[in-house]
file entry.tsv (TSV, C-alpha atoms and all ligand atoms)
chain	number	residue	atom	x	y	z
A	229	MET	CA	74.23	303.53	73.32
A	230	LYS	CA	74.47	299.85	74.20
A	231	ILE	CA	74.97	299.44	77.96
A	232	SER	CA	77.66	296.73	77.80
A	233	SER	CA	80.07	299.20	76.14
A	234	LEU	CA	80.13	301.18	79.41
A	235	PHE	CA	81.95	298.30	81.08
A	236	ASN	CA	84.86	298.29	78.66
A	237	ASP	CA	87.23	300.25	80.88
A	238	LYS	CA	88.06	299.27	84.43
A	239	LYS	CA	86.02	302.00	86.12
A	240	THR	CA	82.97	301.15	88.22
A	241	VAL	CA	79.78	302.05	86.33
A	242	PHE	CA	77.16	304.07	88.26
A	243	SER	CA	73.50	303.77	87.35
A	244	LEU	CA	70.14	304.69	88.81
A	245	GLU	CA	66.67	303.15	88.82
A	246	VAL	CA	63.48	305.20	88.66
A	247	PHE	CA	59.86	304.09	88.43
A	248	PRO	CA	56.83	305.63	86.72
A	249	PRO	CA	54.45	307.19	89.26
A	250	LYS	CA	51.23	305.35	90.04
A	251	LYS	CA	48.79	307.11	87.78
A	252	THR	CA	45.88	306.74	90.19
A	253	SER	CA	47.57	308.63	92.99
A	254	GLU	CA	50.28	310.78	91.45
A	255	ASP	CA	50.49	312.97	88.44
A	256	ILE	CA	52.86	311.66	85.76
A	257	SER	CA	54.63	315.04	85.88
A	258	THR	CA	56.22	314.01	89.22
A	259	ILE	CA	58.70	311.87	87.26
A	260	TYR	CA	59.86	314.97	85.37
A	261	LYS	CA	60.74	316.58	88.70
A	262	THR	CA	62.63	313.44	89.69
A	263	LEU	CA	64.62	313.42	86.44
A	264	GLU	CA	65.38	317.13	86.76
A	265	GLY	CA	66.50	316.53	90.36
A	266	ILE	CA	68.92	313.71	89.49
A	267	LYS	CA	70.46	315.19	86.34
A	268	SER	CA	73.43	316.70	88.22
A	269	VAL	CA	74.40	313.18	89.35
A	270	LYS	CA	75.25	312.33	85.72
A	271	PRO	CA	74.65	308.58	86.00
A	272	ASP	CA	76.13	306.31	83.32
A	273	PHE	CA	72.58	305.11	82.61
A	274	ILE	CA	69.09	305.14	84.11
A	275	SER	CA	66.75	302.16	84.17
A	276	VAL	CA	62.97	302.55	84.33
A	277	THR	CA	60.77	299.90	85.95
A	278	TYR	CA	57.72	298.35	84.30
A	279	GLY	CA	54.61	297.54	86.30
A	280	ALA	CA	56.67	297.06	89.47
A	281	GLY	CA	55.49	297.47	93.08
A	282	GLY	CA	51.81	297.35	92.16
A	283	ASN	CA	52.12	299.93	89.36
A	284	LYS	CA	49.93	299.09	86.40
A	285	ALA	CA	52.14	298.15	83.43
A	286	ASP	CA	51.70	300.67	80.68
A	287	LEU	CA	53.64	302.59	78.07
A	288	SER	CA	54.82	305.31	80.48
A	289	THR	CA	58.02	303.29	81.12
A	290	PHE	CA	58.97	303.73	77.49
A	291	GLU	CA	57.98	307.39	77.32
A	292	ILE	CA	60.21	308.05	80.34
A	293	CYS	CA	63.10	306.20	78.65
A	294	LYS	CA	62.67	308.43	75.62
A	295	ILE	CA	62.91	311.58	77.78
A	296	ILE	CA	66.01	310.24	79.58
A	297	LYS	CA	67.66	309.57	76.26
A	298	GLU	CA	66.63	312.68	74.36
A	299	LYS	CA	66.37	315.41	77.00
A	300	TYR	CA	69.11	314.26	79.36
A	301	ASP	CA	71.36	312.61	76.78
A	302	THR	CA	71.73	309.60	79.08
A	303	PRO	CA	71.42	305.95	78.04
A	304	ALA	CA	68.21	304.31	79.27
A	305	ILE	CA	67.20	300.73	79.98
A	306	ALA	CA	63.51	299.88	79.75
A	307	HIS	CA	62.45	297.09	82.13
A	308	LEU	CA	60.04	294.62	80.52
A	309	THR	CA	58.20	291.77	82.24
A	310	CYS	CA	56.67	288.81	80.43
A	311	VAL	CA	54.88	286.52	82.89
A	312	ASN	CA	51.39	287.65	81.93
A	313	SER	CA	52.13	288.50	78.29
A	314	GLN	CA	51.56	286.81	75.02
A	315	MET	CA	54.01	287.03	72.13
A	316	LYS	CA	51.82	289.56	70.34
A	317	ASP	CA	51.85	291.87	73.41
A	318	ILE	CA	55.64	291.66	73.58
A	319	ASP	CA	55.98	292.30	69.85
A	320	TYR	CA	53.81	295.40	70.19
A	321	ILE	CA	56.07	296.73	72.94
A	322	LEU	CA	59.31	295.84	71.17
A	323	ASN	CA	58.14	297.63	68.04
A	324	LYS	CA	57.17	300.66	70.14
A	325	LEU	CA	60.63	300.65	71.78
A	326	GLU	CA	62.34	300.47	68.40
A	327	GLU	CA	60.18	303.34	67.19
A	328	ILE	CA	61.24	305.62	70.06
A	329	GLY	CA	64.89	304.59	69.84
A	330	VAL	CA	65.35	302.72	73.13
A	331	GLU	CA	68.23	300.29	72.63
A	332	ASN	CA	68.42	298.46	75.97
A	333	ILE	CA	65.95	296.18	77.74
A	334	LEU	CA	66.08	294.62	81.21
A	335	ALA	CA	64.21	291.40	80.44
A	336	LEU	CA	62.31	290.06	83.45
A	337	ARG	CA	59.82	287.38	84.23
A	338	GLY	CA	57.98	289.64	86.71
A	339	ASP	CA	56.14	288.57	89.81
A	340	LYS	CA	53.43	285.99	89.36
A	341	ASN	CA	49.93	287.25	89.98
A	342	GLU	CA	48.04	284.09	90.94
A	343	ASP	CA	44.69	285.92	90.67
A	344	ALA	CA	45.33	286.91	87.05
A	345	GLY	CA	45.68	283.26	86.01
A	346	VAL	CA	48.44	282.15	83.69
A	347	LYS	CA	47.91	283.74	80.33
A	348	GLY	CA	51.49	284.23	79.25
A	349	ASP	CA	53.60	282.61	76.55
A	350	PHE	CA	56.75	282.96	78.66
A	351	LYS	CA	57.64	281.02	81.79
A	352	TYR	CA	61.03	282.52	82.65
A	353	ALA	CA	63.01	285.65	81.83
A	354	SER	CA	65.32	283.46	79.73
A	355	ASP	CA	62.33	282.61	77.47
A	356	LEU	CA	61.77	286.32	76.86
A	357	ILE	CA	65.47	286.89	76.17
A	358	GLU	CA	65.56	283.99	73.71
A	359	TYR	CA	62.42	285.30	72.00
A	360	ILE	CA	63.83	288.82	71.59
A	361	LYS	CA	67.15	287.49	70.29
A	362	ASN	CA	65.53	285.02	67.86
A	363	SER	CA	63.05	287.56	66.49
A	364	GLY	CA	65.75	289.67	64.87
A	365	TYR	CA	65.51	292.70	67.15
A	366	SER	CA	68.77	294.53	67.82
A	367	PHE	CA	68.15	295.39	71.49
A	368	GLU	CA	70.86	294.74	73.99
A	369	ILE	CA	69.47	292.67	76.84
A	370	SER	CA	70.18	292.83	80.56
A	371	GLY	CA	68.84	290.49	83.24
A	372	ALA	CA	68.21	290.44	87.00
A	373	CYS	CA	70.17	288.37	89.52
A	374	TYR	CA	69.78	287.55	93.20
A	375	PRO	CA	72.83	287.55	95.51
A	376	GLU	CA	70.74	286.01	98.31
A	377	VAL	CA	68.92	283.59	95.95
A	378	HIS	CA	65.55	284.26	94.33
A	379	THR	CA	62.70	283.56	96.76
A	380	GLU	CA	61.19	280.82	94.54
A	381	ALA	CA	64.44	279.04	93.66
A	382	GLU	CA	65.05	275.55	95.05
A	383	GLY	CA	68.49	276.66	96.21
A	384	PRO	CA	71.61	278.66	95.33
A	385	VAL	CA	72.90	276.08	92.84
A	386	GLU	CA	69.59	275.90	90.95
A	387	ASP	CA	69.36	279.70	90.95
A	388	ILE	CA	72.87	280.10	89.51
A	389	LEU	CA	72.13	277.46	86.85
A	390	ALA	CA	68.98	279.39	85.91
A	391	LEU	CA	71.05	282.57	85.73
A	392	LYS	CA	73.54	280.86	83.44
A	393	LYS	CA	70.62	279.95	81.14
A	394	LYS	CA	69.64	283.62	81.11
A	395	VAL	CA	73.15	284.66	80.08
A	396	ASP	CA	73.43	281.85	77.52
A	397	ALA	CA	70.12	283.04	76.04
A	398	GLY	CA	71.71	286.45	75.42
A	399	ALA	CA	71.79	288.64	78.55
A	400	GLN	CA	74.94	290.77	78.29
A	401	HIS	CA	74.77	292.50	81.66
A	402	LEU	CA	73.16	291.72	85.02
A	403	ILE	CA	71.74	293.95	87.76
A	404	SER	CA	71.42	292.51	91.23
A	405	GLN	CA	68.59	292.59	93.69
A	406	LEU	CA	69.27	294.93	96.60
A	407	PHE	CA	71.31	293.62	99.53
A	408	PHE	CA	72.65	295.04	102.77
A	409	ASP	CA	75.42	292.54	103.37
A	410	ASN	CA	78.30	292.88	100.89
A	411	SER	CA	79.70	289.48	101.82
A	412	ALA	CA	76.51	287.89	100.38
A	413	PHE	CA	77.24	289.68	97.10
A	414	TYR	CA	80.88	288.56	97.01
A	415	THR	CA	79.90	284.92	97.64
A	416	PHE	CA	77.32	285.13	94.87
A	417	LEU	CA	79.83	286.73	92.50
A	418	GLU	CA	82.31	283.94	93.11
A	419	ARG	CA	79.63	281.29	92.42
A	420	ALA	CA	78.53	283.08	89.26
A	421	ARG	CA	82.09	283.30	87.91
A	422	ILE	CA	82.74	279.62	88.73
A	423	ALA	CA	79.56	278.77	86.80
A	424	GLY	CA	81.03	280.53	83.77
A	425	ILE	CA	78.94	283.70	83.96
A	426	GLU	CA	81.34	286.33	82.65
A	427	VAL	CA	79.12	289.31	81.87
A	428	PRO	CA	79.34	292.50	84.01
A	429	ILE	CA	77.30	292.23	87.23
A	430	GLU	CA	76.14	295.44	88.90
A	431	ALA	CA	75.48	295.54	92.63
A	432	GLY	CA	72.01	296.79	93.60
A	433	ILE	CA	72.10	299.24	96.51
A	434	MET	CA	69.08	300.74	98.19
A	435	PRO	CA	69.71	303.46	100.76
A	436	VAL	CA	67.13	302.90	103.50
A	437	VAL	CA	66.03	306.31	104.71
A	438	ASN	CA	62.82	305.53	106.60
A	439	ILE	CA	61.40	302.66	108.64
A	440	SER	CA	58.43	301.76	106.43
A	441	GLN	CA	60.84	301.26	103.53
A	442	ILE	CA	62.70	298.52	105.43
A	443	GLU	CA	59.58	296.52	106.20
A	444	ARG	CA	58.28	296.80	102.63
A	445	MET	CA	61.57	295.98	100.96
A	446	VAL	CA	62.51	293.06	103.12
A	447	SER	CA	59.10	291.42	102.79
A	448	MET	CA	59.27	291.87	99.01
A	449	CYS	CA	62.80	290.71	98.29
A	450	GLY	CA	63.95	288.71	101.31
A	451	ALA	CA	67.27	290.56	101.79
A	452	SER	CA	68.99	289.60	105.02
A	453	LEU	CA	69.64	292.33	107.55
A	454	PRO	CA	73.14	292.21	109.07
A	455	ARG	CA	73.53	293.14	112.74
A	456	LYS	CA	75.37	296.34	111.84
A	457	PHE	CA	72.35	297.42	109.76
A	458	THR	CA	69.67	296.59	112.35
A	459	LYS	CA	71.70	298.35	115.07
A	460	VAL	CA	71.86	301.53	113.00
A	461	MET	CA	68.15	301.38	112.16
A	462	SER	CA	66.98	300.74	115.71
A	463	ARG	CA	69.31	303.38	117.17
A	464	PHE	CA	67.73	306.12	115.02
A	465	ALA	CA	64.19	304.72	114.56
A	466	ASP	CA	62.64	307.65	116.46
A	467	ASN	CA	64.62	310.38	114.75
A	468	PRO	CA	63.69	310.67	111.06
A	469	GLN	CA	66.52	313.05	110.11
A	470	ALA	CA	69.15	310.94	111.87
A	471	LEU	CA	67.71	307.79	110.29
A	472	PHE	CA	67.92	309.42	106.86
A	473	ASP	CA	71.56	310.45	107.43
A	474	ALA	CA	72.45	307.02	108.85
A	475	GLY	CA	70.76	305.24	105.90
A	476	ILE	CA	72.81	307.32	103.46
A	477	ALA	CA	76.02	306.66	105.43
A	478	TYR	CA	75.33	302.90	105.47
A	479	ALA	CA	74.80	302.83	101.69
A	480	VAL	CA	77.95	304.92	101.09
A	481	ASP	CA	79.92	302.50	103.27
A	482	GLN	CA	78.61	299.56	101.18
A	483	ILE	CA	79.48	301.37	97.94
A	484	VAL	CA	83.02	302.32	98.99
A	485	ASP	CA	83.65	298.68	99.91
A	486	LEU	CA	82.23	297.49	96.57
A	487	ILE	CA	84.36	299.94	94.56
A	488	SER	CA	87.46	298.95	96.54
A	489	ASN	CA	86.74	295.33	95.66
A	490	GLY	CA	86.51	296.14	91.96
A	491	ALA	CA	82.73	295.93	91.47
A	492	ASP	CA	81.69	296.21	87.81
A	493	GLY	CA	78.94	298.64	88.68
A	494	ILE	CA	76.65	300.11	91.33
A	495	HIS	CA	72.94	300.34	90.55
A	496	LEU	CA	71.23	302.70	92.96
A	497	TYR	CA	67.55	302.13	93.75
A	498	THR	CA	66.64	305.81	94.19
A	499	MET	CA	62.94	305.37	95.03
A	500	ASN	CA	62.51	308.49	92.85
A	501	ASN	CA	64.14	310.58	95.59
A	502	PRO	CA	66.63	313.06	94.04
A	503	LEU	CA	67.96	314.04	97.47
A	504	VAL	CA	69.03	310.44	98.13
A	505	ALA	CA	70.74	310.14	94.75
A	506	ASN	CA	72.53	313.47	95.16
A	507	ARG	CA	73.71	312.76	98.71
A	508	ILE	CA	75.10	309.35	97.73
A	509	PHE	CA	76.80	310.54	94.59
A	510	SER	CA	78.38	313.60	96.16
A	511	ALA	CA	79.93	311.28	98.78
A	512	ILE	CA	81.52	309.03	96.16
A	513	ASP	CA	82.05	311.43	93.26
A	514	SER	CA	85.85	311.41	93.50
A	515	MET	CA	85.84	307.59	93.31
A	516	ARG	CA	84.05	307.44	89.94
A	601	LIG	P1	63.56	284.52	86.27
A	601	LIG	O1	64.96	284.76	85.85
A	601	LIG	O2	62.65	283.90	85.27
A	601	LIG	O3	63.60	283.63	87.60
A	601	LIG	C1	62.42	283.37	88.34
A	601	LIG	C2	62.59	282.08	89.12
A	601	LIG	O4	62.62	280.97	88.22
A	601	LIG	C3	63.90	281.99	89.92
A	601	LIG	O5	63.62	281.30	91.12
A	601	LIG	C4	64.86	281.19	89.04
A	601	LIG	O6	65.80	280.47	89.80
A	601	LIG	C5	63.87	280.26	88.31
A	601	LIG	N1	64.28	279.97	86.94
A	601	LIG	C6	64.63	280.88	86.00
A	601	LIG	N2	64.89	280.26	84.84
A	601	LIG	C7	64.69	278.95	85.04
A	601	LIG	C8	64.79	277.80	84.22
A	601	LIG	N3	65.11	277.91	82.92
A	601	LIG	N4	64.50	276.59	84.77
A	601	LIG	C9	64.13	276.48	86.08
A	601	LIG	N5	64.04	277.54	86.91
A	601	LIG	C10	64.30	278.76	86.38
A	601	LIG	N6	59.47	293.36	88.63
A	601	LIG	C11	58.56	294.08	87.91
A	601	LIG	O7	57.39	293.73	87.90
A	601	LIG	N7	58.94	295.20	87.19
A	601	LIG	C12	60.22	295.63	87.16
A	601	LIG	O8	60.52	296.64	86.52
A	601	LIG	C13	61.21	294.91	87.90
A	601	LIG	N8	62.50	295.28	87.89
A	601	LIG	C14	63.46	294.52	88.54
A	601	LIG	C15	64.79	294.90	88.47
A	601	LIG	C16	65.76	294.15	89.13
A	601	LIG	C17	67.22	294.56	89.01
A	601	LIG	C18	65.39	293.02	89.91
A	601	LIG	C19	66.44	292.23	90.66
A	601	LIG	C20	64.05	292.64	89.99
A	601	LIG	C21	63.06	293.39	89.31
A	601	LIG	N9	61.71	293.03	89.34
A	601	LIG	C22	60.79	293.75	88.63
A	601	LIG	C23	61.28	291.89	90.15
A	601	LIG	C24	61.28	290.56	89.32
A	601	LIG	O9	60.33	290.64	88.31
A	601	LIG	C25	60.96	289.42	90.29
A	601	LIG	O10	62.04	289.23	91.17
A	601	LIG	C26	60.54	288.10	89.65
A	601	LIG	O11	60.06	287.27	90.72
A	601	LIG	C27	61.64	287.34	88.95
A	601	LIG	O12	62.00	287.90	87.78
A	601	LIG	P2	63.29	287.36	86.98
A	601	LIG	O13	63.31	288.05	85.69
A	601	LIG	O14	64.49	287.42	87.82
A	601	LIG	O15	62.82	285.83	86.78
call {"tool": "encode", "arguments": {"input": "entry.tsv", "output": "structure tokens"}}
result
Amino acid sequence: MKISSLFNDKKTVFSLEVFPPKKTSEDISTIYKTLEGIKSVKPDFISVTYGAGGNKADLSTFEICKIIKEKYDTPAIAHLTCVNSQMKDIDYILNKLEEIGVENILALRGDKNEDAGVKGDFKYASDLIEYIKNSGYSFEISGACYPEVHTEAEGPVEDILALKKKVDAGAQHLISQLFFDNSAFYTFLERARIAGIEVPIEAGIMPVVNISQIERMVSMCGASLPRKFTKVMSRFADNPQALFDAGIAYAVDQIVDLISNGADGIHLYTMNNPLVANRIFSAIDSMR
């Protein structure tokens, strides 16, 4: 199923992100437990990261997409980065994806690895999107967007113009970086619509359920931390169970506000934790 068709009615779409386990430290079978644990949530689709967070990029992303599609009868989006790839590498992957029947790709530049040197044929995600579209593949393409501006962008205007290029190149759906301040998302949404970006934009929500997660996430993506959020986190910093419950409650509060404001979709960064996904979705199930 093509993802954009999910946005045809007025309901808010609910999706999840999972990542392949790091092969060096975890057995690949852990992802099967994650998928089994989140199946009762019945997400509209699941996206699977590619080489993110230090994971070595390999074909496990695509194998996991195949399982999501075939075993759980759920649409899957395969993330695909291009910054260190040549056209022949991308062609190999696209052919593999076609072979296993994955229809949706989240086309990304990926984070630059200065040590690896620049060996890629693609500078931006929009180059990858254009390449896929012009090569005759029938994949539907999604892209990433940044409510609080991408860390390397010159500014919000330049970032929105770059996003418009991504959509003009063929992205039919966008998923946002995580944020903790809904007003930042609404401001971004307004700018995007003014710039003529009309595709569905899903809001990325990450429930923060332990302290180390906050430090890691904020240093990686630069999300701002509103006072309400830092108050909650510091109040329960010494009580892991309370922090977990408070992190879930904060995310649910964000989601209820987003649904009330007519968000196209909510994309939940599950961190492969079925308990988090189940707690969030049972709190909002009646609103779906
Ligand atoms: P781009 O859209 O190419 O943007 C990168 C920078 O270049 C931005 O500053 C933008 O403003 C600028 N820019 C873009 N196009 C142009 C242009 N034409 N002219 C001038 N400037 C331009 N990383 C992984 O490694 N694996 C994953 O699976 C993964 N999944 C992600 C999922 C989501 C929803 C998000 C939000 C991010 C994900 N990332 C992932 C991280 C992502 O790869 C990084 O944020 C990366 O730094 C940027 O990727 P991009 O595709 O957004 O890049």
call {"tool": "residues_around", "arguments": {"input": "entry.tsv", "residues": "stretch 468-474 of chain A", "least_positions_apart": "5", "cutoff": "12 Å", "atoms": "all atoms listed in the file", "output": "PDB file with C-alpha atoms, keeping the file's coordinate frame"}}
result
ATOM      1  CA  PRO A 435      69.710 303.460 100.760  1.00  0.00           C
ATOM      2  CA  VAL A 436      67.130 302.900 103.500  1.00  0.00           C
ATOM      3  CA  VAL A 437      66.030 306.310 104.710  1.00  0.00           C
ATOM      4  CA  ASN A 438      62.820 305.530 106.600  1.00  0.00           C
ATOM      5  CA  ILE A 439      61.400 302.660 108.640  1.00  0.00           C
ATOM      6  CA  SER A 440      58.430 301.760 106.430  1.00  0.00           C
ATOM      7  CA  GLN A 441      60.840 301.260 103.530  1.00  0.00           C
ATOM      8  CA  ILE A 442      62.700 298.520 105.430  1.00  0.00           C
ATOM      9  CA  LYS A 456      75.370 296.340 111.840  1.00  0.00           C
ATOM     10  CA  PHE A 457      72.350 297.420 109.760  1.00  0.00           C
ATOM     11  CA  THR A 458      69.670 296.590 112.350  1.00  0.00           C
ATOM     12  CA  LYS A 459      71.700 298.350 115.070  1.00  0.00           C
ATOM     13  CA  VAL A 460      71.860 301.530 113.000  1.00  0.00           C
ATOM     14  CA  MET A 461      68.150 301.380 112.160  1.00  0.00           C
ATOM     15  CA  SER A 462      66.980 300.740 115.710  1.00  0.00           C
ATOM     16  CA  ARG A 463      69.310 303.380 117.170  1.00  0.00           C
ATOM     17  CA  ALA A 479      74.800 302.830 101.690  1.00  0.00           C
ATOM     18  CA  VAL A 480      77.950 304.920 101.090  1.00  0.00           C
ATOM     19  CA  ASP A 481      79.920 302.500 103.270  1.00  0.00           C
ATOM     20  CA  ASN A 501      64.140 310.580  95.590  1.00  0.00           C
ATOM     21  CA  LEU A 503      67.960 314.040  97.470  1.00  0.00           C
ATOM     22  CA  VAL A 504      69.030 310.440  98.130  1.00  0.00           C
ATOM     23  CA  ARG A 507      73.710 312.760  98.710  1.00  0.00           C
ATOM     24  CA  ILE A 508      75.100 309.350  97.730  1.00  0.00           C
TER      25      ILE A 508
END
call {"tool": "residues_near_ligand", "arguments": {"input": "entry.tsv", "ligand": "ligand LIG 601 (chain A)", "cutoff": "8 Å", "atoms": "all atoms listed in the file", "output": "ChimeraX atom specification"}}
result
/A:247,276-282,307-309,334-340,351-355,371-374,377-383,386-391,393-394,402-406,432,449
call {"tool": "closest_residue", "arguments": {"input": "entry.tsv", "among": "A:Ile512, A:Val385, A:Val330, A:Val241", "to": "A:Tyr365", "atoms": "all atoms listed in the file"}}
result
A:Val330
call {"tool": "residues_around", "arguments": {"input": "entry.tsv", "residues": "A:Asp349", "least_positions_apart": "4", "cutoff": "8 Å", "atoms": "only C-alpha atoms", "output": "VMD selection string"}}
result
chain A and resid 310 to 315
call {"tool": "residues_around", "arguments": {"input": "entry.tsv", "residues": "A:Thr415", "least_positions_apart": "2", "cutoff": "12 Å", "atoms": "all atoms listed in the file", "output": "JSON, numbers by chain"}}
result
{"A": [374, 375, 376, 377, 384, 388, 409, 410, 411, 412, 413, 417, 418, 419, 420, 421, 422]}
call {"tool": "closest_residue", "arguments": {"input": "entry.tsv", "among": "A:Lys324, A:His401, A:Lys250, A:Lys270", "to": "A:Cys293", "atoms": "all atoms listed in the file"}}
result
A:Lys324
call {"tool": "closest_residue", "arguments": {"input": "entry.tsv", "among": "A:Asp513, A:Lys261, A:Val395, A:Pro303", "to": "A:Ile369", "atoms": "only C-alpha atoms"}}
result
A:Val395
call {"tool": "atom_distance", "arguments": {"input": "entry.tsv", "atom1": "atom CA of A:Asp237", "atom2": "atom CA of A:Arg516"}}
result
12.0 Å
call {"tool": "atom_distance", "arguments": {"input": "entry.tsv", "atom1": "atom CA of A:Thr289", "atom2": "atom CA of A:Tyr260"}}
result
12.6 Å
call {"tool": "atom_distance", "arguments": {"input": "entry.tsv", "atom1": "atom CA of A:Ile266", "atom2": "atom CA of A:Asn506"}}
result
6.7 Å
call {"tool": "axis_aligned_box", "arguments": {"input": "entry.tsv", "around": "stretch 293-301 of chain A", "padding_each_side": "3 Å", "output": "JSON"}}
result
{"center_x": 67.0, "center_y": 310.8, "center_z": 77.0, "size_x": 14.7, "size_y": 15.2, "size_z": 11.2}
call {"tool": "closest_residue", "arguments": {"input": "entry.tsv", "among": "A:Asn467, A:Pro454, A:Asp319, A:Ile433", "to": "A:Leu486", "atoms": "only C-alpha atoms"}}
result
A:Ile433
